[in-house]
$ cat upload03.pdb   # PDB, C-alpha atoms, pLDDT in the B column
ATOM      1  CA  MET A 274      14.754 210.076  20.390  1.00 52.00           C
ATOM      2  CA  ASP A 275      14.475 208.671  23.915  1.00 68.00           C
ATOM      3  CA  SER A 276      12.621 205.482  24.688  1.00 83.00           C
ATOM      4  CA  THR A 277      10.737 205.177  27.943  1.00 92.00           C
ATOM      5  CA  ILE A 278      11.306 202.313  30.357  1.00 94.00           C
ATOM      6  CA  THR A 279       9.138 201.344  33.318  1.00 96.00           C
ATOM      7  CA  VAL A 280      10.616 199.256  36.130  1.00 96.00           C
ATOM      8  CA  THR A 281       8.812 197.923  39.191  1.00 96.00           C
ATOM      9  CA  GLY A 282      10.749 196.350  42.018  1.00 96.00           C
ATOM     10  CA  ASN A 283      12.343 196.866  45.412  1.00 96.00           C
ATOM     11  CA  ILE A 284      15.091 199.294  46.376  1.00 97.00           C
ATOM     12  CA  THR A 285      18.266 197.282  47.050  1.00 97.00           C
ATOM     13  CA  ARG A 286      20.447 199.988  48.634  1.00 97.00           C
ATOM     14  CA  GLU A 287      19.714 203.195  50.504  1.00 97.00           C
ATOM     15  CA  PRO A 288      19.219 206.178  48.179  1.00 97.00           C
ATOM     16  CA  GLU A 289      22.436 208.253  48.241  1.00 97.00           C
ATOM     17  CA  LEU A 290      21.882 211.999  47.855  1.00 97.00           C
ATOM     18  CA  LYS A 291      24.625 214.364  46.626  1.00 97.00           C
ATOM     19  CA  PHE A 292      24.654 217.965  45.483  1.00 96.00           C
ATOM     20  CA  GLY A 293      26.674 219.269  42.542  1.00 92.00           C
ATOM     21  CA  ASP A 294      28.627 222.515  42.340  1.00 91.00           C
ATOM     22  CA  THR A 295      25.540 224.468  41.297  1.00 91.00           C
ATOM     23  CA  GLY A 296      23.381 222.926  44.021  1.00 92.00           C
ATOM     24  CA  LEU A 297      21.567 220.436  41.796  1.00 95.00           C
ATOM     25  CA  ALA A 298      20.553 217.335  43.754  1.00 96.00           C
ATOM     26  CA  ARG A 299      21.300 213.830  42.485  1.00 97.00           C
ATOM     27  CA  VAL A 300      20.189 210.585  44.096  1.00 97.00           C
ATOM     28  CA  MET A 301      21.460 207.129  43.183  1.00 97.00           C
ATOM     29  CA  PHE A 302      20.039 203.779  44.305  1.00 98.00           C
ATOM     30  CA  GLY A 303      19.558 200.225  43.101  1.00 97.00           C
ATOM     31  CA  VAL A 304      16.372 198.348  42.234  1.00 97.00           C
ATOM     32  CA  ALA A 305      15.749 194.612  41.867  1.00 96.00           C
ATOM     33  CA  SER A 306      12.869 193.530  39.657  1.00 95.00           C
ATOM     34  CA  THR A 307      11.728 189.903  39.688  1.00 93.00           C
ATOM     35  CA  ARG A 308       9.469 188.315  37.103  1.00 90.00           C
ATOM     36  CA  LYS A 309       8.091 184.809  37.031  1.00 87.00           C
ATOM     37  CA  VAL A 310       8.071 182.801  33.808  1.00 84.00           C
ATOM     38  CA  LYS A 311       6.715 179.230  33.866  1.00 86.00           C
ATOM     39  CA  GLU A 312       7.414 178.555  37.551  1.00 88.00           C
ATOM     40  CA  ARG A 313      10.918 180.109  37.318  1.00 92.00           C
ATOM     41  CA  GLU A 314      11.910 183.486  38.682  1.00 93.00           C
ATOM     42  CA  HIS A 315      14.359 185.825  37.008  1.00 92.00           C
ATOM     43  CA  THR A 316      15.671 188.908  38.810  1.00 94.00           C
ATOM     44  CA  SER A 317      17.168 191.925  37.047  1.00 93.00           C
ATOM     45  CA  PHE A 318      19.153 194.598  38.885  1.00 94.00           C
ATOM     46  CA  TYR A 319      19.177 198.261  37.850  1.00 94.00           C
ATOM     47  CA  ASP A 320      21.179 201.307  38.875  1.00 95.00           C
ATOM     48  CA  VAL A 321      18.850 204.305  39.065  1.00 97.00           C
ATOM     49  CA  VAL A 322      19.643 208.025  39.127  1.00 97.00           C
ATOM     50  CA  ALA A 323      17.298 211.011  39.517  1.00 97.00           C
ATOM     51  CA  PHE A 324      17.916 214.750  39.677  1.00 96.00           C
ATOM     52  CA  GLY A 325      16.545 217.916  41.244  1.00 95.00           C
ATOM     53  CA  LYS A 326      13.475 217.924  43.454  1.00 93.00           C
ATOM     54  CA  THR A 327      12.677 214.352  42.399  1.00 94.00           C
ATOM     55  CA  ALA A 328      16.034 213.285  43.860  1.00 96.00           C
ATOM     56  CA  GLU A 329      15.402 215.129  47.120  1.00 94.00           C
ATOM     57  CA  ASN A 330      11.916 213.607  47.456  1.00 94.00           C
ATOM     58  CA  ILE A 331      13.196 210.074  46.803  1.00 95.00           C
ATOM     59  CA  HIS A 332      15.862 210.502  49.472  1.00 96.00           C
ATOM     60  CA  ALA A 333      13.341 211.883  51.976  1.00 92.00           C
ATOM     61  CA  CYS A 334      10.599 209.307  51.390  1.00 91.00           C
ATOM     62  CA  LEU A 335      12.029 205.989  50.199  1.00 94.00           C
ATOM     63  CA  ALA A 336      14.431 203.506  51.760  1.00 94.00           C
ATOM     64  CA  LYS A 337      16.019 200.135  51.102  1.00 96.00           C
ATOM     65  CA  GLY A 338      13.350 197.462  50.723  1.00 95.00           C
ATOM     66  CA  ALA A 339      10.610 199.839  49.549  1.00 94.00           C
ATOM     67  CA  GLY A 340       8.590 198.790  46.522  1.00 95.00           C
ATOM     68  CA  VAL A 341       8.760 201.346  43.703  1.00 96.00           C
ATOM     69  CA  ILE A 342       7.630 201.978  40.153  1.00 96.00           C
ATOM     70  CA  ILE A 343      10.028 204.017  38.032  1.00 97.00           C
ATOM     71  CA  THR A 344       9.552 205.617  34.644  1.00 97.00           C
ATOM     72  CA  GLY A 345      12.530 207.043  32.802  1.00 96.00           C
ATOM     73  CA  ARG A 346      15.034 206.179  30.118  1.00 95.00           C
ATOM     74  CA  LEU A 347      18.090 203.962  29.795  1.00 93.00           C
ATOM     75  CA  GLU A 348      21.455 205.650  29.538  1.00 92.00           C
ATOM     76  CA  VAL A 349      24.620 203.837  28.518  1.00 90.00           C
ATOM     77  CA  LYS A 350      28.015 205.141  29.625  1.00 87.00           C
ATOM     78  CA  ASP A 351      31.501 203.977  28.800  1.00 92.00           C
ATOM     79  CA  PHE A 352      34.109 204.236  31.538  1.00 89.00           C
ATOM     80  CA  GLU A 353      37.679 203.287  32.333  1.00 92.00           C
ATOM     81  CA  ARG A 354      38.576 201.317  35.465  1.00 91.00           C
ATOM     82  CA  LYS A 355      41.577 202.048  37.676  1.00 92.00           C
ATOM     83  CA  ASP A 356      43.467 199.184  36.034  1.00 94.00           C
ATOM     84  CA  GLY A 357      42.950 200.752  32.583  1.00 93.00           C
ATOM     85  CA  THR A 358      40.343 198.321  31.287  1.00 94.00           C
ATOM     86  CA  LYS A 359      37.217 199.754  29.749  1.00 93.00           C
ATOM     87  CA  GLY A 360      33.656 198.968  30.732  1.00 91.00           C
ATOM     88  CA  THR A 361      30.089 199.924  29.993  1.00 90.00           C
ATOM     89  CA  ALA A 362      27.431 200.826  32.546  1.00 87.00           C
ATOM     90  CA  VAL A 363      23.697 201.057  31.969  1.00 87.00           C
ATOM     91  CA  GLN A 364      21.505 203.063  34.306  1.00 93.00           C
ATOM     92  CA  VAL A 365      17.903 204.189  34.466  1.00 96.00           C
ATOM     93  CA  VAL A 366      17.560 207.988  34.500  1.00 96.00           C
ATOM     94  CA  ALA A 367      14.299 208.373  36.409  1.00 97.00           C
ATOM     95  CA  ASP A 368      11.738 210.992  35.492  1.00 95.00           C
ATOM     96  CA  ASP A 369       9.161 209.763  38.017  1.00 95.00           C
ATOM     97  CA  VAL A 370       9.319 207.381  40.970  1.00 95.00           C
ATOM     98  CA  GLY A 371       6.365 206.226  43.032  1.00 93.00           C
ATOM     99  CA  ALA A 372       5.822 203.919  45.961  1.00 91.00           C
ATOM    100  CA  LEU A 373       4.059 200.613  45.297  1.00 91.00           C
ATOM    101  CA  LEU A 374       0.985 200.558  47.506  1.00 88.00           C
ATOM    102  CA  ARG A 375       0.207 196.838  47.483  1.00 85.00           C
ATOM    103  CA  PHE A 376       2.181 196.220  50.679  1.00 79.00           C
ATOM    104  CA  ALA A 377       2.642 199.743  52.072  1.00 80.00           C
ATOM    105  CA  THR A 378       0.898 203.039  52.703  1.00 83.00           C
ATOM    106  CA  VAL A 379       2.163 206.568  52.174  1.00 78.00           C
ATOM    107  CA  ASN A 380       1.299 210.076  53.293  1.00 78.00           C
ATOM    108  CA  ILE A 381       1.412 212.537  50.427  1.00 77.00           C
ATOM    109  CA  GLU A 382       2.506 216.140  50.904  1.00 78.00           C
ATOM    110  CA  LYS A 383       2.428 218.424  47.905  1.00 77.00           C
ATOM    111  CA  ASN A 384       5.528 220.498  47.246  1.00 75.00           C
ATOM    112  CA  GLN A 385       5.314 224.081  46.153  1.00 74.00           C
ATOM    113  CA  ARG A 386       5.317 224.127  42.371  1.00 69.00           C
ATOM    114  CA  ASN A 387       8.501 225.340  40.708  1.00 63.00           C
ATOM    115  CA  THR A 388       8.345 226.736  37.184  1.00 51.00           C
ATOM    116  CA  GLU A 389      11.940 225.712  36.470  1.00 52.00           C
ATOM    117  CA  SER A 390      12.280 222.207  35.078  1.00 50.00           C
ATOM    118  CA  ASN A 391      15.346 220.235  36.136  1.00 51.00           C
ATOM    119  CA  TYR A 392      14.803 217.432  33.635  1.00 50.00           C
ATOM    120  CA  ASN A 393      17.668 216.972  31.208  1.00 49.00           C
ATOM    121  CA  THR A 394      20.113 218.937  33.364  1.00 51.00           C
ATOM    122  CA  LEU A 395      21.670 215.575  34.092  1.00 52.00           C
ATOM    123  CA  GLU A 396      25.080 215.072  35.533  1.00 56.00           C
ATOM    124  CA  GLU A 397      26.830 217.938  33.757  1.00 59.00           C
ATOM    125  CA  ASP A 398      26.756 219.410  37.253  1.00 60.00           C
ATOM    126  CA  PHE A 399      28.567 216.390  38.761  1.00 57.00           C
TER     127      PHE A 399
END

$ encode --input "upload03.pdb" --output "structure tokens"
Amino acid sequence: MDSTITVTGNITREPELKFGDTGLARVMFGVASTRKVKEREHTSFYDVVAFGKTAENIHACLAKGAGVIITGRLEVKDFERKDGTKGTAVQVVADDVGALLRFATVNIEKNQRNTESNYNTLEEDF
């Protein structure tokens, strides 16, 4: 069972778009989310990944500094560094990403609807 997470914040690095062997798009970017608790601010940083048409749209429309709201799920991955030590990475796998409109405006263009869903195809292609 997946739990849903919602993150609002600002993009901290330009969305990086790549295509896998089968042509599936993947975009990766960072988001900083700051909350204020009793006059103190706390900032959390997230790595975000999205796939398919969502990835292509993020790359085409959003840039570093843009305010976004993301809904998706957390994914935990174990990895091994070049020096042999092991680590754990947590990333948000985004299902939907939208621009925050408090300090910006957007022009919306509808894409042609595709009956094929690319959710859950994930990085098996990468």

$ atom_distance --input "upload03.pdb" --atom1 "atom CA of A:Arg308" --atom2 "atom CA of A:Thr279"
13.6 Å

$ closest_residue --input "upload03.pdb" --among "A:Val304, A:Val349, A:Val363, A:Ala339" --to "A:Phe376" --atoms "all atoms listed in the file"
A:Ala339

$ closest_residue --input "upload03.pdb" --among "A:Arg354, A:Lys337, A:His315, A:Lys326" --to "A:Lys383" --atoms "only C-alpha atoms"
A:Lys326

$ resolve_selection --input "upload03.pdb" --expression "the PyMOL selection byres ((chain A and resi 384) around 12)" --output "list in words"
Lys326, Thr327, Glu329, Asn330, Ile381, Glu382, Lys383, Gln385, Arg386 and Asn387 of chain A

$ atom_distance --input "upload03.pdb" --atom1 "atom CA of A:Ala305" --atom2 "atom CA of A:Ala362"
16.2 Å

$ residues_around --input "upload03.pdb" --residues "A:Ala328" --least-positions-apart "3" --cutoff "7 Å" --atoms "all atoms listed in the file" --output "list of chain:residue names"
A:Ala298, A:Arg299, A:Val300, A:Ala323, A:Phe324, A:Gly325, A:Ile331, A:His332

$ resolve_selection --input "upload03.pdb" --expression "the PyMOL selection byres ((chain A and resi 282) around 12)" --output "PDB file with C-alpha atoms, keeping the file's coordinate frame"
ATOM      1  CA  THR A 279       9.138 201.344  33.318  1.00 96.00           C
ATOM      2  CA  VAL A 280      10.616 199.256  36.130  1.00 96.00           C
ATOM      3  CA  THR A 281       8.812 197.923  39.191  1.00 96.00           C
ATOM      4  CA  ASN A 283      12.343 196.866  45.412  1.00 96.00           C
ATOM      5  CA  ILE A 284      15.091 199.294  46.376  1.00 97.00           C
ATOM      6  CA  THR A 285      18.266 197.282  47.050  1.00 97.00           C
ATOM      7  CA  GLY A 303      19.558 200.225  43.101  1.00 97.00           C
ATOM      8  CA  VAL A 304      16.372 198.348  42.234  1.00 97.00           C
ATOM      9  CA  ALA A 305      15.749 194.612  41.867  1.00 96.00           C
ATOM     10  CA  SER A 306      12.869 193.530  39.657  1.00 95.00           C
ATOM     11  CA  THR A 307      11.728 189.903  39.688  1.00 93.00           C
ATOM     12  CA  ARG A 308       9.469 188.315  37.103  1.00 90.00           C
ATOM     13  CA  THR A 316      15.671 188.908  38.810  1.00 94.00           C
ATOM     14  CA  SER A 317      17.168 191.925  37.047  1.00 93.00           C
ATOM     15  CA  PHE A 318      19.153 194.598  38.885  1.00 94.00           C
ATOM     16  CA  TYR A 319      19.177 198.261  37.850  1.00 94.00           C
ATOM     17  CA  ASP A 320      21.179 201.307  38.875  1.00 95.00           C
ATOM     18  CA  VAL A 321      18.850 204.305  39.065  1.00 97.00           C
ATOM     19  CA  LYS A 337      16.019 200.135  51.102  1.00 96.00           C
ATOM     20  CA  GLY A 338      13.350 197.462  50.723  1.00 95.00           C
ATOM     21  CA  ALA A 339      10.610 199.839  49.549  1.00 94.00           C
ATOM     22  CA  GLY A 340       8.590 198.790  46.522  1.00 95.00           C
ATOM     23  CA  VAL A 341       8.760 201.346  43.703  1.00 96.00           C
ATOM     24  CA  ILE A 342       7.630 201.978  40.153  1.00 96.00           C
ATOM     25  CA  ILE A 343      10.028 204.017  38.032  1.00 97.00           C
ATOM     26  CA  THR A 344       9.552 205.617  34.644  1.00 97.00           C
ATOM     27  CA  VAL A 370       9.319 207.381  40.970  1.00 95.00           C
ATOM     28  CA  GLY A 371       6.365 206.226  43.032  1.00 93.00           C
ATOM     29  CA  ALA A 372       5.822 203.919  45.961  1.00 91.00           C
ATOM     30  CA  LEU A 373       4.059 200.613  45.297  1.00 91.00           C
ATOM     31  CA  LEU A 374       0.985 200.558  47.506  1.00 88.00           C
ATOM     32  CA  ARG A 375       0.207 196.838  47.483  1.00 85.00           C
TER      33      ARG A 375
END
